[in-house]
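This report refers to the structure that appears directly beneath it.
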Amino acid sequence: MLDVFDPRVYARSVPYDRYRVLRDHHPVARQEEPAVLGWPAGPGFWAVTRHADVTAVLRDAATYSSYLGATQIRDPDPADLPFIRRMMLNQDPCPRARSGARGGDATGHHRLRTLLGGAFTPRRVARFADVARERAGALLAAAVAEARAGDGTCDLVAAVTDDYALLNLADLLGVPESDRGLLLHWTRRVIGYQDPDEAGEKVLGSDGQPVNPRSPALLADMFAYAARLAAYKRRHPGDDVMTTLATTPGLTTAELEMFFFLLTVAGNDTVRSAAPGGVLALAGHQGELRRLRAGAAPLPGAVEGLLRWHPPVLSFRRTAARDTKLGGIRIRRGDKVVVLHGAANRDERVFAEPDRLDLTRAPNPHVSFGDGPHLCLGAHFARLQLTVLYEELLAATPVLRLAGAPPRRLVSHFVNGLKSLPVRLSD
């Protein structure tokens, strides 16, 4: 069976050719989970590649649980699982008793989503949009100046998109300027754990195995910071999300910590991955870039086209809560079921000419932000940031082409990240 598990495959490119073969011949395909990059082997999983099957899994939380084994392909340590289940992402929005525990408290899941959604007031969103636009313009102006002072090129990840995503998140959360580097450090450690360039040296447990970066041990420093920041916000409230969370009646310390974790990691890396991916697509498709500049491809639709082309998240895991069938394949209770967003986004059963970038494609039912009850809660804020960035990019860069060495990709089967993106911004 074609391997779509090994994270080193994704360091070269997203394996769309393998996805196509699997969609056509093995839409629900058994994948081995061998030891790789120092991480131990796992029991294997079912890789789901067709759009209809992916959306079926994402929408059916009663059959495909986020709670049973959490949402990453790699199994967490059983001792860490109760801790990991505190996060909204790893809960089910339907009541179900599992091993004597409530696995999907519908009221709890809804309550957490409502609390987080309520932190984004219209006034805060408007202020955030203005700040993001100013930031994008300043970063792009500096990148163009750097390119003109040199050979006409720059690394857009280092010069623009990493800082853009990080500073937007820090502003939204209310993290002091002096502490903003911590957000990037934590994101790299959690998201880039498979990539030696990002994760740094592995922490080994008493059994000699690497410690999961989502374990309580490796999140202790992030949670301690969240508690300090929340205490500060209670004394010195601001117009930011952490102030809202810190002063919300009934929100427990554990819930606040998990919200901070979710926002820090997902809130940063979604835009950090999607933004350079969109620029890469535009620089590599000059015809579509010209249409965008001419207004023939309206920007809202173009953002969706770029998200389909370069989904920020590549995969999410569910665990079968009962015996079932998917794509004609028998799935047994306890099996890992992994949906592949990039594969679903190129399914020719849904998208005509799926391997063609079309910024005016409609309809465009991509699953880059998921689907169902766990549809990304911050999707509209990610779209806002991307729209602002691309608007400012068009205004600041009369020249935008790929340059020099090819982009360097993140070693990850989870996040579709770019570590560098050399582009030409000046002739």
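For the structure tokens, the naming scheme is as follows: chains receive sequential letters (A, B, ...) according to their order of presentation, residues are indexed from 1 within each chain, and ligands are indexed from 1 in presentation order.
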
Inset, instruction - May I have the residues within 8 Å of region 13-20 of chain A as a list in words, using only C-alpha atoms and disregarding those fewer than 4 positions away in the same chain? - result: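 That gives Leu2, Asp3, Val4, Val9, Asp24, Thr49, Gly342, Ala343, Arg346, Asp347, Arg409 and Asn416 of chain A.
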
I need the residues from that last selection saved to file as a PDB file, in the first residue's frame (with all heavy atoms), if you can.
ATOM      1  N   LEU A   2       0.483   2.279  -0.733  1.00  0.00           N
ATOM      2  CA  LEU A   2       1.241   3.519  -0.784  1.00  0.00           C
ATOM      3  C   LEU A   2       1.296   4.171   0.594  1.00  0.00           C
ATOM      4  O   LEU A   2       0.293   4.264   1.300  1.00  0.00           O
ATOM      5  CB  LEU A   2       0.598   4.481  -1.785  1.00  0.00           C
ATOM      6  CG  LEU A   2       0.645   4.059  -3.252  1.00  0.00           C
ATOM      7  CD1 LEU A   2      -0.188   5.005  -4.097  1.00  0.00           C
ATOM      8  CD2 LEU A   2       2.079   4.037  -3.751  1.00  0.00           C
ATOM      9  N   ASP A   3       2.469   4.647   0.965  1.00  0.00           N
ATOM     10  CA  ASP A   3       2.689   5.228   2.286  1.00  0.00           C
ATOM     11  C   ASP A   3       2.324   6.705   2.275  1.00  0.00           C
ATOM     12  O   ASP A   3       2.942   7.504   1.563  1.00  0.00           O
ATOM     13  CB  ASP A   3       4.159   5.045   2.671  1.00  0.00           C
ATOM     14  CG  ASP A   3       4.494   5.650   4.026  1.00  0.00           C
ATOM     15  OD1 ASP A   3       3.559   6.000   4.778  1.00  0.00           O
ATOM     16  OD2 ASP A   3       5.695   5.781   4.334  1.00  0.00           O
ATOM     17  N   VAL A   4       1.335   7.089   3.065  1.00  0.00           N
ATOM     18  CA  VAL A   4       1.017   8.501   3.260  1.00  0.00           C
ATOM     19  C   VAL A   4       1.144   8.864   4.738  1.00  0.00           C
ATOM     20  O   VAL A   4       0.565   9.852   5.212  1.00  0.00           O
ATOM     21  CB  VAL A   4      -0.396   8.850   2.735  1.00  0.00           C
ATOM     22  CG1 VAL A   4      -0.447   8.732   1.229  1.00  0.00           C
ATOM     23  CG2 VAL A   4      -1.479   7.973   3.375  1.00  0.00           C
ATOM     24  N   VAL A   9       7.989  12.100   3.808  1.00  0.00           N
ATOM     25  CA  VAL A   9       7.380  12.225   2.481  1.00  0.00           C
ATOM     26  C   VAL A   9       6.907  13.653   2.253  1.00  0.00           C
ATOM     27  O   VAL A   9       7.091  14.235   1.174  1.00  0.00           O
ATOM     28  CB  VAL A   9       6.200  11.238   2.342  1.00  0.00           C
ATOM     29  CG1 VAL A   9       5.393  11.519   1.077  1.00  0.00           C
ATOM     30  CG2 VAL A   9       6.704   9.804   2.355  1.00  0.00           C
ATOM     31  N   ASP A  24      -8.768   6.438  -5.957  1.00  0.00           N
ATOM     32  CA  ASP A  24      -9.331   5.653  -7.058  1.00  0.00           C
ATOM     33  C   ASP A  24      -9.476   4.177  -6.724  1.00  0.00           C
ATOM     34  O   ASP A  24     -10.434   3.527  -7.162  1.00  0.00           O
ATOM     35  CB  ASP A  24      -8.455   5.804  -8.307  1.00  0.00           C
ATOM     36  CG  ASP A  24      -8.589   7.167  -8.958  1.00  0.00           C
ATOM     37  OD1 ASP A  24      -9.542   7.895  -8.606  1.00  0.00           O
ATOM     38  OD2 ASP A  24      -7.745   7.512  -9.801  1.00  0.00           O
ATOM     39  N   THR A  49      -9.435   9.136   2.006  1.00  0.00           N
ATOM     40  CA  THR A  49      -8.983  10.084   0.995  1.00  0.00           C
ATOM     41  C   THR A  49     -10.088  10.706   0.148  1.00  0.00           C
ATOM     42  O   THR A  49      -9.860  11.747  -0.465  1.00  0.00           O
ATOM     43  CB  THR A  49      -7.974   9.403   0.053  1.00  0.00           C
ATOM     44  OG1 THR A  49      -8.516   8.161  -0.400  1.00  0.00           O
ATOM     45  CG2 THR A  49      -6.647   9.154   0.768  1.00  0.00           C
ATOM     46  N   GLY A 342      -5.901  17.233   2.387  1.00  0.00           N
ATOM     47  CA  GLY A 342      -5.368  17.530   1.066  1.00  0.00           C
ATOM     48  C   GLY A 342      -5.886  16.574   0.014  1.00  0.00           C
ATOM     49  O   GLY A 342      -6.121  16.965  -1.138  1.00  0.00           O
ATOM     50  N   ALA A 343      -6.091  15.317   0.385  1.00  0.00           N
ATOM     51  CA  ALA A 343      -6.637  14.340  -0.557  1.00  0.00           C
ATOM     52  C   ALA A 343      -8.085  14.673  -0.896  1.00  0.00           C
ATOM     53  O   ALA A 343      -8.496  14.621  -2.064  1.00  0.00           O
ATOM     54  CB  ALA A 343      -6.538  12.938   0.031  1.00  0.00           C
ATOM     55  N   ARG A 346      -8.587  17.471  -3.426  1.00  0.00           N
ATOM     56  CA  ARG A 346      -8.241  17.209  -4.828  1.00  0.00           C
ATOM     57  C   ARG A 346      -9.083  16.066  -5.400  1.00  0.00           C
ATOM     58  O   ARG A 346      -8.695  15.474  -6.411  1.00  0.00           O
ATOM     59  CB  ARG A 346      -6.754  16.855  -4.941  1.00  0.00           C
ATOM     60  CG  ARG A 346      -5.774  17.932  -4.467  1.00  0.00           C
ATOM     61  CD  ARG A 346      -5.724  19.129  -5.402  1.00  0.00           C
ATOM     62  NE  ARG A 346      -4.746  20.109  -4.942  1.00  0.00           N
ATOM     63  CZ  ARG A 346      -3.516  20.258  -5.423  1.00  0.00           C
ATOM     64  NH1 ARG A 346      -3.092  19.466  -6.396  1.00  0.00           N
ATOM     65  NH2 ARG A 346      -2.709  21.187  -4.959  1.00  0.00           N
ATOM     66  N   ASP A 347     -10.213  15.788  -4.800  1.00  0.00           N
ATOM     67  CA  ASP A 347     -11.051  14.679  -5.256  1.00  0.00           C
ATOM     68  C   ASP A 347     -11.808  15.103  -6.514  1.00  0.00           C
ATOM     69  O   ASP A 347     -12.667  15.987  -6.481  1.00  0.00           O
ATOM     70  CB  ASP A 347     -12.031  14.286  -4.152  1.00  0.00           C
ATOM     71  CG  ASP A 347     -12.797  13.010  -4.459  1.00  0.00           C
ATOM     72  OD1 ASP A 347     -12.785  12.568  -5.620  1.00  0.00           O
ATOM     73  OD2 ASP A 347     -13.429  12.463  -3.535  1.00  0.00           O
ATOM     74  N   ARG A 409      10.133  22.620   3.164  1.00  0.00           N
ATOM     75  CA  ARG A 409       8.874  22.220   3.767  1.00  0.00           C
ATOM     76  C   ARG A 409       9.088  21.592   5.141  1.00  0.00           C
ATOM     77  O   ARG A 409      10.127  21.005   5.421  1.00  0.00           O
ATOM     78  CB  ARG A 409       8.148  21.229   2.853  1.00  0.00           C
ATOM     79  CG  ARG A 409       7.684  21.826   1.524  1.00  0.00           C
ATOM     80  CD  ARG A 409       6.935  20.789   0.688  1.00  0.00           C
ATOM     81  NE  ARG A 409       5.942  20.104   1.495  1.00  0.00           N
ATOM     82  CZ  ARG A 409       4.727  20.594   1.761  1.00  0.00           C
ATOM     83  NH1 ARG A 409       4.365  21.757   1.258  1.00  0.00           N
ATOM     84  NH2 ARG A 409       3.877  19.924   2.504  1.00  0.00           N
ATOM     85  N   ASN A 416       0.827  21.461   7.030  1.00  0.00           N
ATOM     86  CA  ASN A 416       1.350  21.713   5.695  1.00  0.00           C
ATOM     87  C   ASN A 416       2.198  22.981   5.721  1.00  0.00           C
ATOM     88  O   ASN A 416       1.843  24.003   5.130  1.00  0.00           O
ATOM     89  CB  ASN A 416       0.168  21.844   4.718  1.00  0.00           C
ATOM     90  CG  ASN A 416       0.571  21.752   3.273  1.00  0.00           C
ATOM     91  OD1 ASN A 416       1.698  21.413   2.937  1.00  0.00           O
ATOM     92  ND2 ASN A 416      -0.370  22.066   2.388  1.00  0.00           N
TER      93      ASN A 416
END

Inset, instruction - Name all residues at most 9 Å from Ile84 (chain A) (count only C-alpha atoms; drop same-chain ones fewer than 2 positions away) and give them as a list in words. - result: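 Result of the neighbour search: Tyr67, Ala70, Pro76, Asp80, Leu81, Pro82, Arg86, Met87, Asn90, Arg214, Ser215, Pro216 and Met258 of chain A.
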
Legend entry - From A:Pro249, A:Gly69, A:Gly305, A:Gly192, residue lying nearest Pro354 (chain A) [only C-alpha atoms]: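 For Pro354 (chain A), the nearest of the candidates is A:Gly305.
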
Legend entry - Pick from A:Leu280, A:Ala227, A:Val28, A:Ala246 nearest to Arg408 (chain A), counting only C-alpha atoms: A:Leu280

Legend entry - All residues 10 Å or closer to region 382-396 of chain A, only C-alpha atoms, same chain fewer than 3 positions away omitted, as number ranges by chain: A: 125, 128-130, 132-144, 160-161, 164-165, 168, 267-268, 270-272, 274-276, 278-279, 282, 289, 292-293, 299-304, 306-307, 369, 376-379, 399-400, 425

Would you mind writing down, as a PDB file with N, CA, C and O atoms, in the first residue's frame, each residue of region 137-340 of chain A that DSSP on the backbone assigns to strand (DSSP E)?
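states-v5.pdb, freshly written:
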ATOM      1  N   THR A 153      15.611  39.406  -4.114  1.00  0.00           N
ATOM      2  CA  THR A 153      14.880  38.288  -3.521  1.00  0.00           C
ATOM      3  C   THR A 153      14.875  38.390  -1.998  1.00  0.00           C
ATOM      4  O   THR A 153      15.693  39.108  -1.402  1.00  0.00           O
ATOM      5  N   CYS A 154      13.967  37.658  -1.405  1.00  0.00           N
ATOM      6  CA  CYS A 154      13.969  37.501   0.045  1.00  0.00           C
ATOM      7  C   CYS A 154      13.226  36.225   0.390  1.00  0.00           C
ATOM      8  O   CYS A 154      12.507  35.663  -0.445  1.00  0.00           O
ATOM      9  N   ASP A 155      13.405  35.766   1.610  1.00  0.00           N
ATOM     10  CA  ASP A 155      12.658  34.625   2.133  1.00  0.00           C
ATOM     11  C   ASP A 155      11.404  35.179   2.785  1.00  0.00           C
ATOM     12  O   ASP A 155      11.467  35.809   3.847  1.00  0.00           O
ATOM     13  N   SER A 315      -4.047  16.429   8.156  1.00  0.00           N
ATOM     14  CA  SER A 315      -4.742  15.235   8.650  1.00  0.00           C
ATOM     15  C   SER A 315      -5.313  15.480  10.039  1.00  0.00           C
ATOM     16  O   SER A 315      -4.813  16.320  10.786  1.00  0.00           O
ATOM     17  N   PHE A 316      -6.372  14.726  10.339  1.00  0.00           N
ATOM     18  CA  PHE A 316      -6.891  14.643  11.698  1.00  0.00           C
ATOM     19  C   PHE A 316      -7.342  13.209  11.945  1.00  0.00           C
ATOM     20  O   PHE A 316      -7.836  12.538  11.048  1.00  0.00           O
ATOM     21  N   ARG A 317      -7.174  12.795  13.168  1.00  0.00           N
ATOM     22  CA  ARG A 317      -7.502  11.414  13.545  1.00  0.00           C
ATOM     23  C   ARG A 317      -8.810  11.372  14.335  1.00  0.00           C
ATOM     24  O   ARG A 317      -9.133  12.265  15.120  1.00  0.00           O
ATOM     25  N   ARG A 318      -9.569  10.325  14.095  1.00  0.00           N
ATOM     26  CA  ARG A 318     -10.693   9.957  14.935  1.00  0.00           C
ATOM     27  C   ARG A 318     -10.510   8.493  15.335  1.00  0.00           C
ATOM     28  O   ARG A 318      -9.686   7.787  14.763  1.00  0.00           O
ATOM     29  N   THR A 319     -11.296   8.034  16.301  1.00  0.00           N
ATOM     30  CA  THR A 319     -11.276   6.637  16.717  1.00  0.00           C
ATOM     31  C   THR A 319     -12.696   6.085  16.631  1.00  0.00           C
ATOM     32  O   THR A 319     -13.646   6.726  17.111  1.00  0.00           O
ATOM     33  N   ALA A 320     -12.830   4.928  15.997  1.00  0.00           N
ATOM     34  CA  ALA A 320     -14.164   4.341  15.834  1.00  0.00           C
ATOM     35  C   ALA A 320     -14.747   3.987  17.199  1.00  0.00           C
ATOM     36  O   ALA A 320     -14.132   3.254  17.975  1.00  0.00           O
ATOM     37  N   THR A 324     -18.348  -0.413  12.265  1.00  0.00           N
ATOM     38  CA  THR A 324     -19.064   0.285  11.209  1.00  0.00           C
ATOM     39  C   THR A 324     -18.443  -0.078   9.870  1.00  0.00           C
ATOM     40  O   THR A 324     -17.511  -0.877   9.793  1.00  0.00           O
ATOM     41  N   LYS A 325     -18.959   0.515   8.803  1.00  0.00           N
ATOM     42  CA  LYS A 325     -18.370   0.390   7.480  1.00  0.00           C
ATOM     43  C   LYS A 325     -18.161   1.778   6.901  1.00  0.00           C
ATOM     44  O   LYS A 325     -18.985   2.671   7.084  1.00  0.00           O
ATOM     45  N   LEU A 326     -17.049   1.935   6.205  1.00  0.00           N
ATOM     46  CA  LEU A 326     -16.723   3.204   5.565  1.00  0.00           C
ATOM     47  C   LEU A 326     -16.094   2.896   4.215  1.00  0.00           C
ATOM     48  O   LEU A 326     -15.104   2.165   4.144  1.00  0.00           O
ATOM     49  N   ILE A 329     -15.392  -0.677   3.549  1.00  0.00           N
ATOM     50  CA  ILE A 329     -14.407  -1.344   4.397  1.00  0.00           C
ATOM     51  C   ILE A 329     -14.957  -1.454   5.813  1.00  0.00           C
ATOM     52  O   ILE A 329     -15.508  -0.489   6.365  1.00  0.00           O
ATOM     53  N   ARG A 330     -14.776  -2.627   6.410  1.00  0.00           N
ATOM     54  CA  ARG A 330     -15.226  -2.828   7.791  1.00  0.00           C
ATOM     55  C   ARG A 330     -14.241  -2.160   8.751  1.00  0.00           C
ATOM     56  O   ARG A 330     -13.040  -2.439   8.743  1.00  0.00           O
ATOM     57  N   ILE A 331     -14.755  -1.275   9.558  1.00  0.00           N
ATOM     58  CA  ILE A 331     -13.985  -0.588  10.591  1.00  0.00           C
ATOM     59  C   ILE A 331     -14.438  -1.127  11.943  1.00  0.00           C
ATOM     60  O   ILE A 331     -15.641  -1.182  12.222  1.00  0.00           O
ATOM     61  N   LYS A 336      -8.169   3.346  14.514  1.00  0.00           N
ATOM     62  CA  LYS A 336      -7.865   4.741  14.199  1.00  0.00           C
ATOM     63  C   LYS A 336      -8.281   5.027  12.763  1.00  0.00           C
ATOM     64  O   LYS A 336      -7.960   4.273  11.852  1.00  0.00           O
ATOM     65  N   VAL A 337      -8.983   6.135  12.584  1.00  0.00           N
ATOM     66  CA  VAL A 337      -9.461   6.561  11.267  1.00  0.00           C
ATOM     67  C   VAL A 337      -8.926   7.975  11.041  1.00  0.00           C
ATOM     68  O   VAL A 337      -9.226   8.887  11.822  1.00  0.00           O
ATOM     69  N   VAL A 338      -8.119   8.151  10.001  1.00  0.00           N
ATOM     70  CA  VAL A 338      -7.427   9.425   9.762  1.00  0.00           C
ATOM     71  C   VAL A 338      -7.915  10.025   8.451  1.00  0.00           C
ATOM     72  O   VAL A 338      -7.786   9.404   7.389  1.00  0.00           O
ATOM     73  N   VAL A 339      -8.487  11.219   8.530  1.00  0.00           N
ATOM     74  CA  VAL A 339      -8.937  11.914   7.323  1.00  0.00           C
ATOM     75  C   VAL A 339      -7.790  12.766   6.783  1.00  0.00           C
ATOM     76  O   VAL A 339      -7.058  13.401   7.547  1.00  0.00           O
ATOM     77  N   LEU A 340      -7.639  12.766   5.459  1.00  0.00           N
ATOM     78  CA  LEU A 340      -6.564  13.499   4.789  1.00  0.00           C
ATOM     79  C   LEU A 340      -7.180  14.663   4.019  1.00  0.00           C
ATOM     80  O   LEU A 340      -7.770  14.488   2.958  1.00  0.00           O
TER      81      LEU A 340
END

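Shortest separation to Asp162 (chain A) among A:Val241, A:Ala352, A:Ala149, A:Leu184 occurs at residue A:Leu184, atoms counted being only C-alpha atoms.
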
Legend entry - Top pick for closest residue to Ala266 (chain A), considering A:Ala145, A:Val415, A:His380, A:Gly208 and counting only C-alpha atoms: A:Val415

Legend entry - Which of A:Gly38, A:Gly327, A:Gly295, A:Pro176 sits closest to Tyr193 (chain A) [using only C-alpha atoms]: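 With only C-alpha atoms as the atom set, the closest residue is A:Gly38.
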
Legend entry - Proximity to Met222 (chain A) - best of A:Asp60, A:Asp335, A:Glu257, A:Asp179, only C-alpha atoms: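 Using only C-alpha atoms, the shortest distance to Met222 (chain A) belongs to A:Glu257.
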
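Across the model, the gap from CA of Phe223 (chain A) to CA of Thr247 (chain A) is 17.1 Å.
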
Inset, instruction - Find the residues near Asn345 (chain A): any atom within 7 Å, counting only C-alpha atoms, skip ones fewer than 5 places away on the same chain, and give them as JSON, numbers by chain. - result: {"A": [51, 308, 366, 367]}

Just all heavy atoms for this one: save the residues we selected as a PDB file, in the first residue's frame.
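Written output follows (part_26.pdb):
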ATOM      1  N   HIS A  51     -13.514  12.768  -0.666  1.00  0.00           N
ATOM      2  CA  HIS A  51     -14.197  13.896  -0.049  1.00  0.00           C
ATOM      3  C   HIS A  51     -15.449  13.443   0.708  1.00  0.00           C
ATOM      4  O   HIS A  51     -15.687  13.846   1.861  1.00  0.00           O
ATOM      5  CB  HIS A  51     -14.561  14.917  -1.135  1.00  0.00           C
ATOM      6  CG  HIS A  51     -15.096  16.212  -0.622  1.00  0.00           C
ATOM      7  ND1 HIS A  51     -16.412  16.384  -0.240  1.00  0.00           N
ATOM      8  CD2 HIS A  51     -14.501  17.417  -0.433  1.00  0.00           C
ATOM      9  CE1 HIS A  51     -16.601  17.629   0.157  1.00  0.00           C
ATOM     10  NE2 HIS A  51     -15.459  18.289   0.053  1.00  0.00           N
ATOM     11  N   ARG A 308      -7.986  25.751  -0.623  1.00  0.00           N
ATOM     12  CA  ARG A 308      -8.148  24.408  -1.189  1.00  0.00           C
ATOM     13  C   ARG A 308      -6.813  23.893  -1.700  1.00  0.00           C
ATOM     14  O   ARG A 308      -6.453  22.728  -1.489  1.00  0.00           O
ATOM     15  CB  ARG A 308      -9.161  24.427  -2.344  1.00  0.00           C
ATOM     16  CG  ARG A 308      -9.442  23.033  -2.932  1.00  0.00           C
ATOM     17  CD  ARG A 308     -10.161  23.088  -4.263  1.00  0.00           C
ATOM     18  NE  ARG A 308      -9.298  23.480  -5.351  1.00  0.00           N
ATOM     19  CZ  ARG A 308      -8.597  22.630  -6.115  1.00  0.00           C
ATOM     20  NH1 ARG A 308      -8.634  21.326  -5.883  1.00  0.00           N
ATOM     21  NH2 ARG A 308      -7.834  23.083  -7.088  1.00  0.00           N
ATOM     22  N   HIS A 366     -14.162  22.935  -0.076  1.00  0.00           N
ATOM     23  CA  HIS A 366     -12.938  22.358   0.498  1.00  0.00           C
ATOM     24  C   HIS A 366     -13.119  22.092   1.992  1.00  0.00           C
ATOM     25  O   HIS A 366     -14.023  22.649   2.634  1.00  0.00           O
ATOM     26  CB  HIS A 366     -11.741  23.274   0.242  1.00  0.00           C
ATOM     27  CG  HIS A 366     -11.811  24.595   0.961  1.00  0.00           C
ATOM     28  ND1 HIS A 366     -11.546  24.724   2.310  1.00  0.00           N
ATOM     29  CD2 HIS A 366     -12.105  25.845   0.524  1.00  0.00           C
ATOM     30  CE1 HIS A 366     -11.664  25.986   2.677  1.00  0.00           C
ATOM     31  NE2 HIS A 366     -12.016  26.692   1.612  1.00  0.00           N
ATOM     32  N   VAL A 367     -12.250  21.247   2.504  1.00  0.00           N
ATOM     33  CA  VAL A 367     -12.326  20.887   3.924  1.00  0.00           C
ATOM     34  C   VAL A 367     -11.069  21.340   4.666  1.00  0.00           C
ATOM     35  O   VAL A 367     -10.653  20.729   5.648  1.00  0.00           O
ATOM     36  CB  VAL A 367     -12.549  19.363   4.106  1.00  0.00           C
ATOM     37  CG1 VAL A 367     -13.916  18.958   3.616  1.00  0.00           C
ATOM     38  CG2 VAL A 367     -11.448  18.553   3.400  1.00  0.00           C
TER      39      VAL A 367
END
